[in-house]
$ cat input_38.cif   # mmCIF, C-alpha atoms
data_input
loop_
_atom_site.label_atom_id
_atom_site.label_comp_id
_atom_site.auth_asym_id
_atom_site.auth_seq_id
_atom_site.Cartn_x
_atom_site.Cartn_y
_atom_site.Cartn_z
CA MET J 1 109.24 60.74 41.79
CA THR J 2 107.69 58.91 44.74
CA ILE J 3 109.18 59.24 48.21
CA THR J 4 107.92 57.02 51.03
CA ARG J 5 108.43 58.28 54.60
CA PHE J 6 108.94 55.67 57.33
CA MET J 7 107.95 57.25 60.62
CA THR J 8 108.17 55.61 64.03
CA ASN J 9 105.45 55.16 66.64
CA THR J 10 106.22 55.20 70.34
CA ASP J 11 106.29 51.41 70.18
CA ASN J 12 108.86 51.56 67.37
CA ARG J 13 106.52 50.19 64.71
CA PRO J 14 107.07 51.72 61.27
CA VAL J 15 104.20 53.76 59.86
CA THR J 16 104.02 54.63 56.20
CA SER J 17 102.49 57.85 54.96
CA THR J 18 101.85 58.35 51.27
CA SER J 19 101.69 61.58 49.33
CA SER J 20 102.65 62.68 45.85
CA ALA J 21 106.12 62.17 47.09
CA SER J 22 106.46 59.14 49.56
CA ILE J 23 109.52 58.99 52.65
CA SER J 24 109.59 56.48 55.65
CA TYR J 25 111.30 57.35 58.91
CA PHE J 26 112.43 54.75 61.43
CA ALA J 27 114.60 57.50 62.89
CA SER J 28 115.63 61.05 62.09
CA PRO J 29 119.42 61.06 61.71
CA SER J 30 121.03 64.43 62.40
CA GLU J 31 122.47 64.40 58.89
CA LEU J 32 118.95 65.04 57.56
CA GLN J 33 119.00 68.46 59.21
CA GLU J 34 121.84 69.59 57.00
CA PRO J 35 121.04 71.25 53.65
CA LEU J 36 121.47 69.21 50.48
CA PHE J 37 124.98 69.53 49.10
CA ASP J 38 125.00 71.77 46.02
CA SER J 39 127.01 69.90 43.39
CA THR J 40 126.03 72.15 40.49
CA ASN J 41 128.88 72.52 37.97
CA MET J 42 131.19 70.37 40.08
CA SER J 43 133.36 67.71 38.48
CA ARG J 44 132.74 64.05 39.18
CA ASP J 45 136.05 63.77 41.02
CA ASN J 46 135.22 66.69 43.33
CA ILE J 47 131.77 65.27 44.07
CA ARG J 48 133.29 61.87 44.84
CA ARG J 49 135.89 63.45 47.10
CA HIS J 50 133.29 65.42 49.05
CA VAL J 51 130.78 62.58 49.47
CA ARG J 52 133.38 60.00 50.45
CA GLN J 53 134.68 62.41 53.08
CA GLU J 54 131.16 62.91 54.44
CA ARG J 55 130.47 59.19 54.43
CA ASN J 56 133.71 58.29 56.16
CA SER J 57 133.20 60.99 58.81
CA LEU J 58 130.33 58.98 60.31
CA SER J 59 131.31 57.35 63.59
CA THR J 60 131.40 53.58 63.99
CA GLU J 61 128.20 53.77 66.06
CA GLU J 62 126.45 55.90 63.45
CA GLN J 63 127.54 53.55 60.68
CA SER J 64 126.19 50.56 62.60
CA GLN J 65 122.84 52.15 63.48
CA LEU J 66 122.21 53.61 60.03
CA SER J 67 123.16 50.37 58.29
CA LEU J 68 120.73 48.41 60.48
CA ILE J 69 117.89 50.83 59.75
CA ALA J 70 118.61 50.82 56.01
CA SER J 71 118.85 47.03 55.99
CA ARG J 72 115.34 46.80 57.44
CA HIS J 73 114.09 48.98 54.58
CA MET J 74 115.92 46.88 52.03
CA LEU J 75 114.67 43.60 53.47
CA ALA J 76 111.11 44.93 53.23
CA GLU J 77 111.74 45.88 49.60
CA ILE J 78 113.10 42.42 48.80
CA GLN J 79 110.10 40.74 50.40
CA THR J 80 107.65 43.08 48.65
CA GLN J 81 109.25 42.18 45.32
CA SER J 82 109.22 38.44 46.23
CA ALA J 83 112.85 38.34 45.13
CA GLN J 84 114.59 34.97 45.48
CA HIS J 85 117.89 35.73 43.72
CA VAL J 86 119.46 38.89 45.10
CA ALA J 87 122.86 40.40 44.28
CA VAL J 88 124.39 42.33 47.16
CA TYR J 89 127.85 43.81 47.81
CA LEU J 90 130.29 43.64 50.69
CA THR J 91 130.97 46.93 52.46
CA HIS J 92 133.97 49.02 51.43
CA ASP J 93 135.09 52.59 52.05
CA GLY J 94 132.27 53.67 54.38
CA GLU J 95 129.39 52.19 52.37
CA LEU J 96 126.27 51.04 54.20
CA ALA J 97 127.13 47.70 55.79
CA THR J 98 125.29 44.74 54.30
CA GLN J 99 126.27 41.77 56.48
CA LYS J 100 123.15 41.89 58.69
CA LEU J 101 121.01 42.06 55.57
CA ILE J 102 122.88 39.10 54.08
CA ASP J 103 122.40 37.13 57.31
CA ALA J 104 118.66 37.84 57.19
CA LEU J 105 118.44 36.73 53.55
CA TRP J 106 120.22 33.48 54.38
CA GLU J 107 117.75 32.86 57.23
CA LEU J 108 114.89 33.37 54.76
CA ASN J 109 116.50 30.96 52.26
CA ILE J 110 116.85 33.75 49.70
CA ASN J 111 119.81 33.18 47.38
CA VAL J 112 122.57 35.77 47.76
CA TYR J 113 125.11 36.66 45.09
CA LEU J 114 128.19 38.88 45.19
CA PRO J 115 129.91 40.73 42.34
CA LEU J 116 133.19 39.36 41.09
CA ILE J 117 135.45 41.19 38.67
CA HIS J 118 135.30 39.29 35.40
CA PRO J 119 138.66 37.56 34.86
CA PHE J 120 138.48 37.72 31.04
CA CYS J 121 136.13 40.58 30.12
CA LYS J 122 137.72 43.83 31.33
CA GLY J 123 135.44 46.22 33.17
CA HIS J 124 132.62 43.71 33.64
CA LEU J 125 131.22 41.87 36.63
CA LEU J 126 130.13 38.30 37.23
CA PHE J 127 127.68 37.47 40.01
CA VAL J 128 128.52 34.41 42.09
CA ARG J 129 126.45 32.57 44.71
CA TYR J 130 127.53 33.54 48.24
CA THR J 131 126.96 31.22 51.20
CA ARG J 132 128.36 30.86 54.69
CA ASP J 133 130.82 28.34 53.28
CA SER J 134 132.05 30.39 50.33
CA VAL J 135 135.82 30.62 49.90
CA MET J 136 136.72 34.30 49.71
CA VAL J 137 139.62 36.05 48.00
CA LYS J 138 140.65 39.71 47.67
CA ASN J 139 140.36 41.39 44.29
CA GLN J 140 142.61 44.12 42.86
CA TYR J 141 140.81 46.76 44.95
CA GLY J 142 141.23 44.85 48.21
CA ILE J 143 137.54 43.90 48.28
CA SER J 144 136.56 40.36 49.23
CA GLU J 145 134.74 38.31 46.62
CA PRO J 146 133.90 34.61 46.28
CA LYS J 147 136.48 32.43 44.59
CA LEU J 148 135.28 31.84 41.04
CA ASN J 149 133.30 28.66 40.54
CA VAL J 150 131.47 28.58 37.21
CA GLN J 151 128.79 26.35 38.73
CA HIS J 152 127.86 29.17 41.10
CA VAL J 153 127.65 31.96 38.48
CA ILE J 154 124.25 33.49 37.66
CA THR J 155 123.47 35.69 34.68
CA VAL J 156 122.13 39.21 35.17
CA GLU J 157 118.76 38.31 33.65
CA GLN J 158 118.37 35.43 36.13
CA LEU J 159 118.65 37.81 39.10
CA ASP J 160 115.54 39.31 40.67
CA MET J 161 117.30 42.26 42.26
CA ILE J 162 120.69 43.96 42.21
CA ILE J 163 121.48 46.00 45.32
CA THR J 164 123.79 48.62 43.94
CA PRO J 165 126.47 50.50 45.86
CA MET J 166 127.36 54.05 44.82
CA VAL J 167 129.27 57.12 45.87
CA ALA J 168 126.60 59.74 45.17
CA PHE J 169 123.02 60.02 43.90
CA ASP J 170 120.41 62.66 43.21
CA ALA J 171 116.62 62.87 43.40
CA HIS J 172 116.29 61.77 39.77
CA GLY J 173 117.83 58.37 40.44
CA ASN J 174 121.16 59.25 38.86
CA ARG J 175 124.07 57.46 40.53
CA MET J 176 127.80 57.98 40.60
CA GLY J 177 130.12 55.06 41.22
CA MET J 178 133.84 54.92 41.81
CA GLY J 179 134.58 55.52 38.15
CA GLY J 180 135.34 52.00 36.95
CA GLY J 181 132.02 51.63 35.15
CA TYR J 182 131.45 48.08 36.43
CA TYR J 183 127.86 48.65 37.54
CA ASP J 184 127.13 50.91 34.56
CA ARG J 185 127.89 47.97 32.26
CA THR J 186 125.81 45.67 34.44
CA LEU J 187 122.81 48.02 34.55
CA SER J 188 122.90 48.37 30.75
CA GLN J 189 121.83 44.70 30.64
CA VAL J 190 118.65 45.32 32.65
CA VAL J 191 115.45 45.10 30.56
CA ASN J 192 112.09 46.34 31.90
CA ASN J 193 113.45 46.43 35.47
CA LYS J 194 114.37 42.75 35.35
CA PRO J 195 116.30 42.50 37.56
CA LEU J 196 115.23 45.47 39.68
CA ALA J 197 118.25 47.66 40.43
CA VAL J 198 118.01 49.23 43.87
CA GLY J 199 120.53 51.78 45.10
CA PHE J 200 121.67 51.55 48.73
CA ALA J 201 123.31 54.59 50.31
CA HIS J 202 123.63 56.92 53.28
CA ASP J 203 121.48 60.06 53.20
CA CYS J 204 124.63 62.18 53.18
CA GLN J 205 125.47 60.73 49.76
CA GLU J 206 122.63 62.64 48.11
CA VAL J 207 123.69 65.71 46.13
CA SER J 208 121.69 68.27 44.19
CA GLN J 209 122.81 67.01 40.80
CA VAL J 210 124.88 64.08 39.51
CA PRO J 211 126.59 64.76 36.17
CA THR J 212 125.35 62.25 33.59
CA ASP J 213 126.53 60.81 30.29
CA PHE J 214 124.47 59.13 27.59
CA TRP J 215 125.34 55.66 28.87
CA ASP J 216 124.25 56.31 32.47
CA VAL J 217 121.20 54.34 33.62
CA PRO J 218 119.09 55.94 36.41
CA LEU J 219 118.09 53.68 39.28
CA PRO J 220 114.33 53.07 39.61
CA VAL J 221 114.59 52.75 43.41
CA ILE J 222 117.05 54.11 45.98
CA ILE J 223 116.89 53.18 49.66
CA THR J 224 118.62 55.11 52.43
CA PRO J 225 118.31 54.86 56.23
CA THR J 226 115.36 57.27 56.07
CA ARG J 227 113.81 57.05 52.64
CA ARG J 228 112.66 55.04 49.68
CA LEU J 229 112.96 57.06 46.48
CA ALA J 230 111.09 55.58 43.53
CA ILE J 231 111.59 57.19 40.15
#
$ encode --input "input_38.cif" --output "structure tokens"
Amino acid sequence: MTITRFMTNTDNRPVTSTSSASISYFASPSELQEPLFDSTNMSRDNIRRHVRQERNSLSTEEQSQLSLIASRHMLAEIQTQSAQHVAVYLTHDGELATQKLIDALWELNINVYLPLIHPFCKGHLLFVRYTRDSVMVKNQYGISEPKLNVQHVITVEQLDMIITPMVAFDAHGNRMGMGGGYYDRTLSQVVNNKPLAVGFAHDCQEVSQVPTDFWDVPLPVIITPTRRLAI
């Protein structure tokens, strides 16, 4: 595993140090001082419950600051990968906010897509072009998504990157979602990291071990407010 540390100079410029493991600090959130949550032998439901509680305990100010820092990391990743077709998500239930990242992508003329629950294929996602003028509707989970327009749909293989939300993750790139399997089915379509799936999460969402099943697909890259984990 590679971990890249983003450290900050006195003039707030990021500095990258590289070692056998690589992490980048723009800031040192207090949550990093807490020991890693031991999830050994815990059920998926109990891990979800704990991590969601931790994530939602962050104050509005902390959420805003951490999301901005993480978005800078993610934007750098997108530019490094020269990605032009990027799937993102809209924030829900304490996830890292993505709107500032989306705004930055629009300014750079990078195409943004949002997941939409497939209306005919249960448990699957479609990815639809998202612009400032997109008509939005709420899905069955109360999450906003673009109104379906088949002319704006892109296939998974046409995407360059999928920014993937999650509830929990571990140092091996294993992720845990909400349990619906939507992103698991999407990630099963990825071939040779095309598109590149990048996890996006708070540091407090890392646990010692995520239970896995044979169909689970580890993420090759996870970005948090303080780190880039590359598997």
$ residues_around --input "input_38.cif" --residues "Asp38 in chain J" --least-positions-apart "2" --cutoff "9 Å" --atoms "all atoms listed in the file" --output "PyMOL selection string"
chain J and resi 35-36+40-42+207-209
$ resolve_selection --input "input_38.cif" --expression "the PyMOL selection byres ((chain J and resi 183-200) around 8)" --output "JSON, numbers by chain"
{"J": [70, 96, 123, 124, 125, 156, 157, 158, 159, 160, 161, 162, 163, 164, 165, 166, 177, 181, 182, 201, 202, 215, 216, 217, 219, 220, 221, 222, 223, 224]}
$ atom_distance --input "input_38.cif" --atom1 "CA of Gly142 in chain J" --atom2 "CA of Pro119 in chain J"
15.4 Å
$ closest_residue --input "input_38.cif" --among "J:Asp213, J:Arg49, J:Phe37, J:Glu54" --to "Asn174 in chain J" --atoms "only C-alpha atoms"
J:Asp213
$ residues_around --input "input_38.cif" --residues "Val112 in chain J" --least-positions-apart "5" --cutoff "9 Å" --atoms "all atoms listed in the file" --output "list in words"
Gln84, His85, Val86, Ala87, Val88, Ile102, Leu105, Trp106, Val128, Arg129, Tyr130 and Thr131 of chain J
$ write_last_selection --input "input_38.cif" --atoms "C-alpha atoms" --output "short mmCIF file (atom, residue, chain, number, x, y, z; two decimals), in the coordinates of the input"
data_model
loop_
_atom_site.label_atom_id
_atom_site.label_comp_id
_atom_site.auth_asym_id
_atom_site.auth_seq_id
_atom_site.Cartn_x
_atom_site.Cartn_y
_atom_site.Cartn_z
CA GLN J 84 114.59 34.97 45.48
CA HIS J 85 117.89 35.73 43.72
CA VAL J 86 119.46 38.89 45.10
CA ALA J 87 122.86 40.40 44.28
CA VAL J 88 124.39 42.33 47.16
CA ILE J 102 122.88 39.10 54.08
CA LEU J 105 118.44 36.73 53.55
CA TRP J 106 120.22 33.48 54.38
CA VAL J 128 128.52 34.41 42.09
CA ARG J 129 126.45 32.57 44.71
CA TYR J 130 127.53 33.54 48.24
CA THR J 131 126.96 31.22 51.20
#
$ atom_distance --input "input_38.cif" --atom1 "CA of Gly173 in chain J" --atom2 "CA of Ala97 in chain J"
20.9 Å
$ closest_residue --input "input_38.cif" --among "J:Val51, J:Pro225, J:Ser82, J:Asn139" --to "Asn111 in chain J" --atoms "only C-alpha atoms"
J:Ser82
